[in-house]
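Trainee: Handing you a structure now.
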Protein chains: 2
Amino acid sequence: MDKCTPESLLEGRNIKITRQRQIVLGAIIGTGKPFSASDLHDSLGSEMDLATIYRNLEMLCGEGIIRQVMNEKERQYYELACKHNPEHPHFYCNICGKIYCMKQDKPMRLKSRLPGDFTVEQTVLQYRGICPDCGKE
Amino acid sequence: MDKCTPESLLEGRNIKITRQRQIVLGAIIGTGKPFSASDLHDSLGSEMDLATIYRNLEMLCGEGIIRQVMNEKERQYYELACKHNPEHPHFYCNICGKIYCMKQDKPMRLKSRLPGDFTVEQTVLQYRGICPDCGKE
DNA sequence: GCCTAAATGCAAGTTGTTTGCAATTAAAAA
DNA sequence: TTTTTAATTGCAAACAACTTGCATTTAGGC
Ligand SMILES: [Mn+2]
Ligand SMILES: [Mn+2]
Ligand SMILES: [Zn+2]
Ligand SMILES: [Zn+2]
């Protein structure tokens with residue numbers, strides 16, 4: 001139950017702890033919601049260059065500290081990928097574009113996984129991995 | 001089992017049947033695979049303006065004649081949405097980027113839904129619809 | 001404190017997609 | 001069939017998300 005901090009997330013990884021990385025990670029830990037690069041940029045009052053944010057998001061993804069959540073309106077969303085936040089499905093509202101995290105309790109009625117009155121219009125199921133062509137090499 | 005034609009797909013819809021729409025729909029019907037705007041543009045030997053292709057893809061989507069399949073590498077993929085091609089999951093290869101359509105037989109082992117040796121690395125499950133905030137208006 | 005590789009900011013470049021506008025065209029009206 | 005007109009097209013420019021090159025700064029080992 002030890003809470004994540006910018007330092008705890010980066011420790012033992014041979015990654016420089018820069019001022020901007022502390023700020024970015026602080027913001028990521030601070031929000032519970034999925035976020036895009038420009039969400040971050042805005043929430044930081046544009047005090048950091050967008051290119052720096054993009055470079056750090058890529059790095060954090062590679063390290064498995066954050067994960068890609070959803071690609072919507074040609075914009076990539078991410079969320080923290082620590083032990084407190086295991087993988088789970090998401091609900092995307094076709095009207096306001098908000099992204100809701102769904103609880104991932106194993107055997108459970110759908111109703112209990114989102115609070116309130118959600119109307120599901122589409123269910124998107126995608127598999128990613130290695131195809132036979134690419135598997136043999 | 002009547003096969004789709006550009007005309008049959010557009011009929012009764014108050015949409016002008018232009019030369020370029022026949023060509024685009026012909027190409028879409030011709031290929032079984034998901035395609036992007038630039039896939040189409042290339043396959044038509046650049047004989048049609050990309051803007052026209054984008055405008056028509058948007059229109060066809062709105063009409064439910066095609067559907068969005070996947071947003072990958074910041075590029076949108078589509079496929080024909082006629083009665084011969086009901087909704088189904090897709091497999092995206094993390095290496096070559098190919099998109100495979102999966103058969104959607106109801107009760108079935110996963111093995112039988114894709115031919116060959118596919119390694120699943122990620123399963124993406126997304127719901128889209130209307131959230132409670134947007135539902136009450 | 002000094003040194004060096006890594007990280008940053010800035011500006012410019014890419015790529016996918018959209019938009020404004022004048023010219024073309026499908027198809028409804030005459 | 002010819003005329004009319006609103007929709008569609010092509011072209012060029014605009015946009016938005018993201019990436020890259022490069023000179024400058026900085027974290028962290030010495
Ligand atoms: Mn989530
Ligand atoms: Mn398919
Ligand atoms: Zn909503
Ligand atoms: Zn492959």
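Letters A, B, ... mark the chains of the structure tokens in the order given; residue numbers begin at 1 per chain; ligand numbers begin at 1, in order shown.
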Output as a tab-separated table one row per residue of chain A within 8 Å of ligand 3: the closest atom pair and its distance in Å to one decimal place, counting only C-alpha atoms and all ligand atoms, sorted by chain and residue number ascending.
Mentor:
residue	atom	partner	partner_atom_place_in_ligand_line	distance
A:Tyr92	CA	ligand 3	1 (Zn)	7.9
A:Cys93	CA	ligand 3	1 (Zn)	4.6
A:Asn94	CA	ligand 3	1 (Zn)	6.7
A:Ile95	CA	ligand 3	1 (Zn)	5.1
A:Cys96	CA	ligand 3	1 (Zn)	4.0
A:Gly97	CA	ligand 3	1 (Zn)	6.1
A:Lys98	CA	ligand 3	1 (Zn)	5.8
Trainee: Could you list, as a list in words, the residues of chain A having an atom within 10 Å of chain C when counting only C-alpha atoms (C1' of nucleotides)?
Mentor: Ile15, Lys16, Ile17, Thr18, Gln20, Arg21, Met48, Asp49, Leu50, Ala51, Thr52, Arg55, Asn56 and Glu74 of chain A
Trainee: Could you write out as a list in words the residues of chain D within 12 Å of chain A, counting only C-alpha atoms (C1' of nucleotides)?
Mentor: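 The complete set of qualifying residues is DA16, DA17, DC18, DT19, DT20, DT25, DT26, DA27 and DG28 of chain D.
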Trainee: Given the selection you just returned, output its residues as a file containing C-alpha atoms (C1' of nucleotides), formatted as a compact mmCIF listing (two decimals), in the first residue's frame.
Mentor:
# COMPACT_ATOMS: atom_id res chain seq x y z
C1' DA D 16 -2.99 19.00 -35.12
C1' DA D 17 -0.31 15.47 -33.10
C1' DC D 18 3.89 14.07 -32.91
C1' DT D 19 9.10 13.78 -34.09
C1' DT D 20 13.76 15.35 -34.88
C1' DT D 25 21.88 23.02 -19.87
C1' DT D 26 22.19 19.77 -16.17
C1' DA D 27 22.39 15.40 -13.21
C1' DG D 28 25.30 12.77 -11.08
Trainee: Taking only C-alpha atoms (C1' of nucleotides) and all ligand atoms and a cut-off of 12 Å, can you tell me which residues surround ligand 4, written as a list in words?
Mentor: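 Based on only C-alpha atoms (C1' of nucleotides) and all ligand atoms, ligand 4 is surrounded within 12 Å by Arg128, Gly129, Ile130, Cys131, Pro132, Asp133, Cys134, Gly135, Lys136 and Glu137 of chain A; Phe91, Tyr92, Cys93, Asn94, Ile95, Cys96, Gly97, Lys98, Ile99, Tyr100, Gly116, Asp117, Phe118, Thr119 and Val120 of chain B.
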Trainee: Which is closer to ligand 2 than all the others in B:Leu125, B:Leu60, B:Cys82, B:Val69, using only C-alpha atoms and all ligand atoms?
Mentor: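 Smallest distance to ligand 2 is found for B:Val69.
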Trainee: Step one, run DSSP on the backbone; step two, keep only residues of chain A assigned to strand (DSSP E); then write them as a compact mmCIF listing (two decimals) with all heavy atoms, in the first residue's frame.
Mentor:
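Final file, selection.txt:
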# COMPACT_ATOMS: atom_id res chain seq x y z
N PHE A 35 -4.71 10.33 -19.46
CA PHE A 35 -4.31 11.67 -19.91
C PHE A 35 -3.56 11.57 -21.23
O PHE A 35 -2.95 10.55 -21.53
CB PHE A 35 -3.39 12.31 -18.86
CG PHE A 35 -2.18 11.46 -18.58
CD1 PHE A 35 -1.03 11.58 -19.33
CD2 PHE A 35 -2.22 10.50 -17.58
CE1 PHE A 35 0.08 10.78 -19.10
CE2 PHE A 35 -1.12 9.68 -17.34
CZ PHE A 35 0.02 9.83 -18.09
N SER A 36 -3.60 12.66 -21.98
CA SER A 36 -2.83 12.75 -23.22
C SER A 36 -1.64 13.65 -23.00
O SER A 36 -1.55 14.33 -21.97
CB SER A 36 -3.70 13.32 -24.34
OG SER A 36 -4.04 14.66 -24.03
N ILE A 66 4.20 3.72 -17.23
CA ILE A 66 2.86 4.06 -17.67
C ILE A 66 2.50 3.11 -18.80
O ILE A 66 3.36 2.40 -19.32
CB ILE A 66 2.73 5.52 -18.16
CG1 ILE A 66 3.66 5.77 -19.34
CG2 ILE A 66 3.02 6.49 -17.04
CD1 ILE A 66 3.52 7.15 -19.95
N ARG A 67 1.22 3.09 -19.18
CA ARG A 67 0.80 2.26 -20.31
C ARG A 67 -0.12 3.05 -21.22
O ARG A 67 -0.77 4.00 -20.77
CB ARG A 67 0.10 1.00 -19.83
CG ARG A 67 -1.28 1.23 -19.27
CD ARG A 67 -2.03 -0.08 -18.98
NE ARG A 67 -1.56 -0.75 -17.79
CZ ARG A 67 -2.11 -0.61 -16.58
NH1 ARG A 67 -3.17 0.16 -16.41
NH2 ARG A 67 -1.63 -1.24 -15.53
N GLN A 68 -0.17 2.67 -22.49
CA GLN A 68 -1.09 3.30 -23.42
C GLN A 68 -2.48 2.75 -23.17
O GLN A 68 -2.67 1.55 -23.04
CB GLN A 68 -0.69 3.01 -24.86
CG GLN A 68 0.70 3.52 -25.19
CD GLN A 68 1.03 3.38 -26.65
OE1 GLN A 68 2.14 3.65 -27.07
NE2 GLN A 68 0.06 2.94 -27.45
N VAL A 69 -3.44 3.65 -23.11
CA VAL A 69 -4.78 3.25 -22.76
C VAL A 69 -5.69 3.20 -23.97
O VAL A 69 -6.40 2.24 -24.18
CB VAL A 69 -5.38 4.24 -21.74
CG1 VAL A 69 -6.88 4.10 -21.67
CG2 VAL A 69 -4.77 3.99 -20.39
N MET A 70 -5.62 4.23 -24.77
CA MET A 70 -6.61 4.35 -25.83
C MET A 70 -6.13 5.38 -26.83
O MET A 70 -5.50 6.36 -26.45
CB MET A 70 -7.93 4.82 -25.22
CG MET A 70 -9.16 4.31 -25.93
SD MET A 70 -10.66 4.89 -25.15
CE MET A 70 -11.26 3.42 -24.35
N ASN A 71 -6.42 5.15 -28.08
CA ASN A 71 -6.06 6.09 -29.12
C ASN A 71 -7.35 6.69 -29.66
O ASN A 71 -8.06 6.05 -30.41
CB ASN A 71 -5.30 5.34 -30.21
CG ASN A 71 -4.57 6.28 -31.13
OD1 ASN A 71 -5.18 7.18 -31.68
ND2 ASN A 71 -3.28 6.08 -31.27
N GLU A 72 -7.63 7.92 -29.26
CA GLU A 72 -8.92 8.50 -29.63
C GLU A 72 -8.74 9.87 -30.25
O GLU A 72 -7.92 10.65 -29.80
CB GLU A 72 -9.80 8.65 -28.39
CG GLU A 72 -10.71 7.49 -28.13
CD GLU A 72 -11.42 6.97 -29.36
OE1 GLU A 72 -11.90 7.76 -30.19
OE2 GLU A 72 -11.48 5.74 -29.51
N ARG A 75 -5.37 10.98 -30.86
CA ARG A 75 -4.59 11.43 -29.71
C ARG A 75 -4.40 10.22 -28.80
O ARG A 75 -5.36 9.48 -28.54
CB ARG A 75 -5.35 12.54 -28.98
CG ARG A 75 -4.48 13.32 -28.01
CD ARG A 75 -5.28 14.31 -27.21
NE ARG A 75 -5.44 15.61 -27.82
CZ ARG A 75 -6.55 16.07 -28.39
NH1 ARG A 75 -7.61 15.30 -28.45
NH2 ARG A 75 -6.59 17.27 -28.89
N GLN A 76 -3.17 10.01 -28.34
CA GLN A 76 -2.90 8.84 -27.50
C GLN A 76 -3.10 9.17 -26.02
O GLN A 76 -2.60 10.19 -25.55
CB GLN A 76 -1.46 8.37 -27.75
CG GLN A 76 -1.06 7.16 -26.94
CD GLN A 76 -1.86 5.93 -27.32
OE1 GLN A 76 -1.93 5.55 -28.48
NE2 GLN A 76 -2.52 5.30 -26.33
N TYR A 77 -3.81 8.30 -25.32
CA TYR A 77 -4.00 8.46 -23.88
C TYR A 77 -3.20 7.42 -23.11
O TYR A 77 -3.02 6.30 -23.58
CB TYR A 77 -5.49 8.36 -23.52
CG TYR A 77 -6.26 9.59 -23.91
CD1 TYR A 77 -6.76 9.73 -25.20
CD2 TYR A 77 -6.45 10.62 -23.02
CE1 TYR A 77 -7.44 10.88 -25.58
CE2 TYR A 77 -7.13 11.77 -23.38
CZ TYR A 77 -7.63 11.89 -24.66
OH TYR A 77 -8.29 13.03 -25.03
N TYR A 78 -2.74 7.84 -21.94
CA TYR A 78 -1.92 6.98 -21.09
C TYR A 78 -2.51 6.92 -19.69
O TYR A 78 -3.34 7.74 -19.31
CB TYR A 78 -0.50 7.56 -20.97
CG TYR A 78 0.21 7.73 -22.27
CD1 TYR A 78 0.03 8.87 -23.05
CD2 TYR A 78 1.09 6.75 -22.74
CE1 TYR A 78 0.69 9.04 -24.25
CE2 TYR A 78 1.76 6.91 -23.94
CZ TYR A 78 1.57 8.05 -24.68
OH TYR A 78 2.22 8.21 -25.87
N GLU A 79 -2.01 5.97 -18.88
CA GLU A 79 -2.31 5.99 -17.45
C GLU A 79 -1.16 5.33 -16.71
O GLU A 79 -0.34 4.62 -17.29
CB GLU A 79 -3.64 5.29 -17.14
CG GLU A 79 -3.63 3.80 -17.33
CD GLU A 79 -4.99 3.17 -17.11
OE1 GLU A 79 -5.96 3.87 -16.80
OE2 GLU A 79 -5.08 1.93 -17.26
N LEU A 80 -1.11 5.59 -15.42
CA LEU A 80 -0.08 5.00 -14.57
C LEU A 80 -0.24 3.48 -14.58
O LEU A 80 -1.34 2.97 -14.57
CB LEU A 80 -0.25 5.54 -13.15
CG LEU A 80 0.86 5.28 -12.14
CD1 LEU A 80 2.18 5.83 -12.66
CD2 LEU A 80 0.50 5.93 -10.81
N HIS A 90 -11.78 0.08 -20.54
CA HIS A 90 -12.16 1.47 -20.41
C HIS A 90 -13.45 1.75 -21.16
O HIS A 90 -13.78 1.06 -22.11
CB HIS A 90 -11.05 2.37 -20.94
CG HIS A 90 -9.83 2.31 -20.10
ND1 HIS A 90 -8.86 1.36 -20.27
CD2 HIS A 90 -9.44 3.06 -19.03
CE1 HIS A 90 -7.92 1.52 -19.35
NE2 HIS A 90 -8.25 2.54 -18.59
N PHE A 91 -14.13 2.76 -20.70
CA PHE A 91 -15.36 3.18 -21.36
C PHE A 91 -15.13 4.55 -21.96
O PHE A 91 -14.70 5.48 -21.27
CB PHE A 91 -16.51 3.25 -20.35
CG PHE A 91 -17.83 3.63 -20.97
CD1 PHE A 91 -18.72 2.65 -21.40
CD2 PHE A 91 -18.17 4.96 -21.15
CE1 PHE A 91 -19.93 3.00 -21.98
CE2 PHE A 91 -19.38 5.31 -21.74
CZ PHE A 91 -20.26 4.33 -22.15
N TYR A 92 -15.40 4.68 -23.26
CA TYR A 92 -15.20 5.94 -23.96
C TYR A 92 -16.56 6.52 -24.31
O TYR A 92 -17.37 5.85 -24.95
CB TYR A 92 -14.40 5.71 -25.23
CG TYR A 92 -14.28 6.93 -26.09
CD1 TYR A 92 -13.32 7.90 -25.81
CD2 TYR A 92 -15.12 7.14 -27.18
CE1 TYR A 92 -13.19 9.03 -26.59
CE2 TYR A 92 -15.01 8.27 -27.97
CZ TYR A 92 -14.05 9.21 -27.67
OH TYR A 92 -13.93 10.34 -28.44
N CYS A 93 -16.84 7.74 -23.88
CA CYS A 93 -18.14 8.35 -24.21
C CYS A 93 -18.09 8.96 -25.60
O CYS A 93 -17.26 9.83 -25.88
CB CYS A 93 -18.51 9.41 -23.19
SG CYS A 93 -20.08 10.21 -23.62
N ILE A 99 -12.99 9.42 -20.87
CA ILE A 99 -12.60 8.02 -20.75
C ILE A 99 -12.75 7.60 -19.29
O ILE A 99 -12.19 8.24 -18.41
CB ILE A 99 -11.15 7.83 -21.21
CG1 ILE A 99 -11.01 8.16 -22.70
CG2 ILE A 99 -10.69 6.39 -20.95
CD1 ILE A 99 -9.59 8.15 -23.21
N TYR A 100 -13.52 6.55 -19.06
CA TYR A 100 -13.75 6.05 -17.70
C TYR A 100 -13.01 4.73 -17.51
O TYR A 100 -13.08 3.85 -18.38
CB TYR A 100 -15.24 5.81 -17.46
CG TYR A 100 -16.09 7.06 -17.51
CD1 TYR A 100 -16.50 7.60 -18.73
CD2 TYR A 100 -16.50 7.68 -16.34
CE1 TYR A 100 -17.27 8.75 -18.78
CE2 TYR A 100 -17.29 8.82 -16.38
CZ TYR A 100 -17.67 9.36 -17.61
OH TYR A 100 -18.45 10.49 -17.65
N CYS A 101 -12.33 4.58 -16.39
CA CYS A 101 -11.69 3.31 -16.07
C CYS A 101 -12.73 2.36 -15.48
O CYS A 101 -13.54 2.76 -14.66
CB CYS A 101 -10.56 3.52 -15.06
SG CYS A 101 -9.26 4.60 -15.63
N THR A 119 -24.57 3.80 -21.28
CA THR A 119 -25.14 3.08 -22.40
C THR A 119 -24.01 2.62 -23.32
O THR A 119 -23.29 3.46 -23.87
CB THR A 119 -26.09 3.98 -23.20
OG1 THR A 119 -27.06 4.52 -22.32
CG2 THR A 119 -26.76 3.20 -24.31
N VAL A 120 -23.84 1.33 -23.44
CA VAL A 120 -22.78 0.82 -24.30
C VAL A 120 -23.27 0.77 -25.74
O VAL A 120 -24.25 0.12 -26.04
CB VAL A 120 -22.33 -0.58 -23.86
CG1 VAL A 120 -21.32 -1.14 -24.84
CG2 VAL A 120 -21.73 -0.53 -22.46
N GLU A 121 -22.60 1.51 -26.61
CA GLU A 121 -22.97 1.50 -28.03
C GLU A 121 -22.06 0.60 -28.84
O GLU A 121 -22.48 -0.03 -29.80
CB GLU A 121 -22.95 2.93 -28.60
CG GLU A 121 -24.07 3.79 -28.03
CD GLU A 121 -24.09 5.18 -28.65
OE1 GLU A 121 -23.04 5.63 -29.14
OE2 GLU A 121 -25.15 5.80 -28.62
N GLN A 122 -20.80 0.60 -28.50
CA GLN A 122 -19.87 -0.31 -29.17
C GLN A 122 -18.92 -0.93 -28.15
O GLN A 122 -18.53 -0.29 -27.19
CB GLN A 122 -19.02 0.42 -30.21
CG GLN A 122 -19.80 0.99 -31.37
CD GLN A 122 -19.61 2.49 -31.43
OE1 GLN A 122 -18.50 2.99 -31.26
NE2 GLN A 122 -20.69 3.21 -31.66
N THR A 123 -18.59 -2.17 -28.39
CA THR A 123 -17.56 -2.84 -27.61
C THR A 123 -16.41 -3.13 -28.56
O THR A 123 -16.61 -3.74 -29.60
CB THR A 123 -18.09 -4.16 -27.04
OG1 THR A 123 -19.25 -3.89 -26.25
CG2 THR A 123 -17.04 -4.83 -26.18
N VAL A 124 -15.25 -2.64 -28.23
CA VAL A 124 -14.10 -2.83 -29.09
C VAL A 124 -13.19 -3.87 -28.47
O VAL A 124 -12.74 -3.72 -27.34
CB VAL A 124 -13.31 -1.51 -29.26
CG1 VAL A 124 -12.09 -1.74 -30.13
CG2 VAL A 124 -14.21 -0.44 -29.84
N LEU A 125 -12.97 -4.92 -29.21
CA LEU A 125 -12.07 -5.97 -28.74
C LEU A 125 -10.97 -6.13 -29.76
O LEU A 125 -11.22 -6.42 -30.92
CB LEU A 125 -12.87 -7.28 -28.57
CG LEU A 125 -12.12 -8.48 -28.02
CD1 LEU A 125 -11.45 -8.17 -26.69
CD2 LEU A 125 -13.07 -9.65 -27.88
N GLN A 126 -9.75 -5.87 -29.36
CA GLN A 126 -8.62 -6.00 -30.26
C GLN A 126 -7.57 -6.90 -29.63
O GLN A 126 -7.33 -6.80 -28.43
CB GLN A 126 -7.93 -4.67 -30.52
CG GLN A 126 -8.80 -3.55 -30.99
CD GLN A 126 -8.01 -2.24 -31.10
OE1 GLN A 126 -8.51 -1.26 -31.58
NE2 GLN A 126 -6.77 -2.22 -30.66
N TYR A 127 -6.95 -7.70 -30.43
CA TYR A 127 -5.80 -8.46 -29.95
C TYR A 127 -4.57 -7.92 -30.65
O TYR A 127 -4.61 -7.58 -31.82
CB TYR A 127 -5.97 -9.93 -30.29
CG TYR A 127 -7.18 -10.56 -29.65
CD1 TYR A 127 -8.38 -10.67 -30.34
CD2 TYR A 127 -7.12 -11.04 -28.35
CE1 TYR A 127 -9.50 -11.23 -29.76
CE2 TYR A 127 -8.24 -11.60 -27.76
CZ TYR A 127 -9.42 -11.69 -28.46
OH TYR A 127 -10.53 -12.25 -27.88
N ARG A 128 -3.48 -7.83 -29.91
CA ARG A 128 -2.22 -7.44 -30.51
C ARG A 128 -1.19 -8.49 -30.17
O ARG A 128 -1.22 -9.06 -29.09
CB ARG A 128 -1.74 -6.10 -29.96
CG ARG A 128 -2.62 -4.94 -30.34
CD ARG A 128 -2.66 -4.00 -29.20
NE ARG A 128 -3.56 -2.89 -29.46
CZ ARG A 128 -3.16 -1.74 -29.99
NH1 ARG A 128 -1.89 -1.55 -30.27
NH2 ARG A 128 -4.03 -0.79 -30.22
N GLY A 129 -0.25 -8.68 -31.05
CA GLY A 129 0.79 -9.65 -30.78
C GLY A 129 1.64 -9.90 -32.02
O GLY A 129 1.92 -8.96 -32.75
N ILE A 130 2.04 -11.14 -32.22
CA ILE A 130 2.91 -11.48 -33.35
C ILE A 130 2.16 -12.44 -34.26
O ILE A 130 1.66 -13.47 -33.81
CB ILE A 130 4.20 -12.18 -32.86
CG1 ILE A 130 4.77 -11.47 -31.64
CG2 ILE A 130 5.21 -12.28 -33.98
CD1 ILE A 130 5.29 -10.10 -31.90
Trainee: Could you go through region 2-133 of chain B and tell me which residues DSSP, when run on the backbone, assigns to helix (DSSP H, G or I), listing them as a PyMOL selection string?
Mentor: chain B and resi 6-10+19-30+37-43+50-62+110-113+132-133
Trainee: For a test of reading the model, state the distance in Å between CA of Glu7 (chain B) and C1' of DT3 (chain D), rounded to one decimal.
Mentor: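 If I compute the distance from CA of Glu7 (chain B) to C1' of DT3 (chain D), I get 26.9 Å.
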Trainee: Would you compute the distance between CA of Gly64 (chain B) and atom 1 (Mn, counted along the ligand's line) of ligand 2? Give it in Å to one decimal.
Mentor: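 Atom-to-atom, CA of Gly64 (chain B) to atom 1 (Mn, counted along the ligand's line) of ligand 2, that is 14.7 Å.
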Trainee: So, with only C-alpha atoms and all ligand atoms as the atoms that count, which of A:Asn14, A:Asn85, A:Ser8, A:Gln22 lies closest to ligand 1?
Mentor: A:Asn85
Trainee: Excluding Lys103 (chain A) and any residue of its chain fewer than 2 positions from it, enumerate the residues within 8 Å of it, using only C-alpha atoms (C1' of nucleotides), and give them as a PDB file with all heavy atoms, in the first residue's frame.
Mentor:
ATOM      1  N   HIS A  88      -7.098  -2.926 -17.141  1.00  0.00           N
ATOM      2  CA  HIS A  88      -8.547  -3.013 -17.068  1.00  0.00           C
ATOM      3  C   HIS A  88      -9.151  -2.395 -18.313  1.00  0.00           C
ATOM      4  O   HIS A  88      -8.500  -1.620 -18.998  1.00  0.00           O
ATOM      5  CB  HIS A  88      -9.040  -2.277 -15.820  1.00  0.00           C
ATOM      6  CG  HIS A  88      -8.463  -0.902 -15.718  1.00  0.00           C
ATOM      7  ND1 HIS A  88      -7.310  -0.615 -15.014  1.00  0.00           N
ATOM      8  CD2 HIS A  88      -8.845   0.267 -16.266  1.00  0.00           C
ATOM      9  CE1 HIS A  88      -7.027   0.661 -15.125  1.00  0.00           C
ATOM     10  NE2 HIS A  88      -7.955   1.229 -15.892  1.00  0.00           N
ATOM     11  N   PRO A  89     -10.407  -2.703 -18.613  1.00  0.00           N
ATOM     12  CA  PRO A  89     -11.066  -2.096 -19.771  1.00  0.00           C
ATOM     13  C   PRO A  89     -11.426  -0.646 -19.480  1.00  0.00           C
ATOM     14  O   PRO A  89     -11.375  -0.192 -18.333  1.00  0.00           O
ATOM     15  CB  PRO A  89     -12.348  -2.927 -19.938  1.00  0.00           C
ATOM     16  CG  PRO A  89     -12.232  -4.076 -19.019  1.00  0.00           C
ATOM     17  CD  PRO A  89     -11.267  -3.698 -17.953  1.00  0.00           C
ATOM     18  N   CYS A 101     -12.326   4.582 -16.392  1.00  0.00           N
ATOM     19  CA  CYS A 101     -11.686   3.312 -16.069  1.00  0.00           C
ATOM     20  C   CYS A 101     -12.725   2.362 -15.482  1.00  0.00           C
ATOM     21  O   CYS A 101     -13.544   2.758 -14.663  1.00  0.00           O
ATOM     22  CB  CYS A 101     -10.563   3.515 -15.056  1.00  0.00           C
ATOM     23  SG  CYS A 101      -9.261   4.603 -15.631  1.00  0.00           S
ATOM     24  N   ASP A 105     -12.650  -6.610 -11.506  1.00  0.00           N
ATOM     25  CA  ASP A 105     -12.822  -7.756 -10.633  1.00  0.00           C
ATOM     26  C   ASP A 105     -13.168  -8.935 -11.523  1.00  0.00           C
ATOM     27  O   ASP A 105     -14.022  -8.822 -12.397  1.00  0.00           O
ATOM     28  CB  ASP A 105     -13.966  -7.533  -9.645  1.00  0.00           C
ATOM     29  CG  ASP A 105     -14.223  -6.069  -9.422  1.00  0.00           C
ATOM     30  OD1 ASP A 105     -14.633  -5.403 -10.404  1.00  0.00           O
ATOM     31  OD2 ASP A 105     -14.025  -5.599  -8.310  1.00  0.00           O
ATOM     32  N   ARG A 113     -19.344  -2.762 -12.655  1.00  0.00           N
ATOM     33  CA  ARG A 113     -18.009  -2.330 -12.986  1.00  0.00           C
ATOM     34  C   ARG A 113     -17.914  -0.850 -13.331  1.00  0.00           C
ATOM     35  O   ARG A 113     -16.844  -0.294 -13.469  1.00  0.00           O
ATOM     36  CB  ARG A 113     -17.480  -3.155 -14.159  1.00  0.00           C
ATOM     37  CG  ARG A 113     -17.325  -4.611 -13.762  1.00  0.00           C
ATOM     38  CD  ARG A 113     -16.188  -5.234 -14.487  1.00  0.00           C
ATOM     39  NE  ARG A 113     -16.580  -5.829 -15.736  1.00  0.00           N
ATOM     40  CZ  ARG A 113     -15.760  -5.920 -16.787  1.00  0.00           C
ATOM     41  NH1 ARG A 113     -14.561  -5.415 -16.725  1.00  0.00           N
ATOM     42  NH2 ARG A 113     -16.176  -6.495 -17.880  1.00  0.00           N
ATOM     43  N   LEU A 114     -19.046  -0.208 -13.503  1.00  0.00           N
ATOM     44  CA  LEU A 114     -19.092   1.228 -13.750  1.00  0.00           C
ATOM     45  C   LEU A 114     -20.227   1.780 -12.921  1.00  0.00           C
ATOM     46  O   LEU A 114     -21.307   1.196 -12.897  1.00  0.00           O
ATOM     47  CB  LEU A 114     -19.378   1.515 -15.226  1.00  0.00           C
ATOM     48  CG  LEU A 114     -18.213   1.565 -16.211  1.00  0.00           C
ATOM     49  CD1 LEU A 114     -18.760   1.656 -17.621  1.00  0.00           C
ATOM     50  CD2 LEU A 114     -17.315   2.741 -15.906  1.00  0.00           C
TER      51      LEU A 114
END
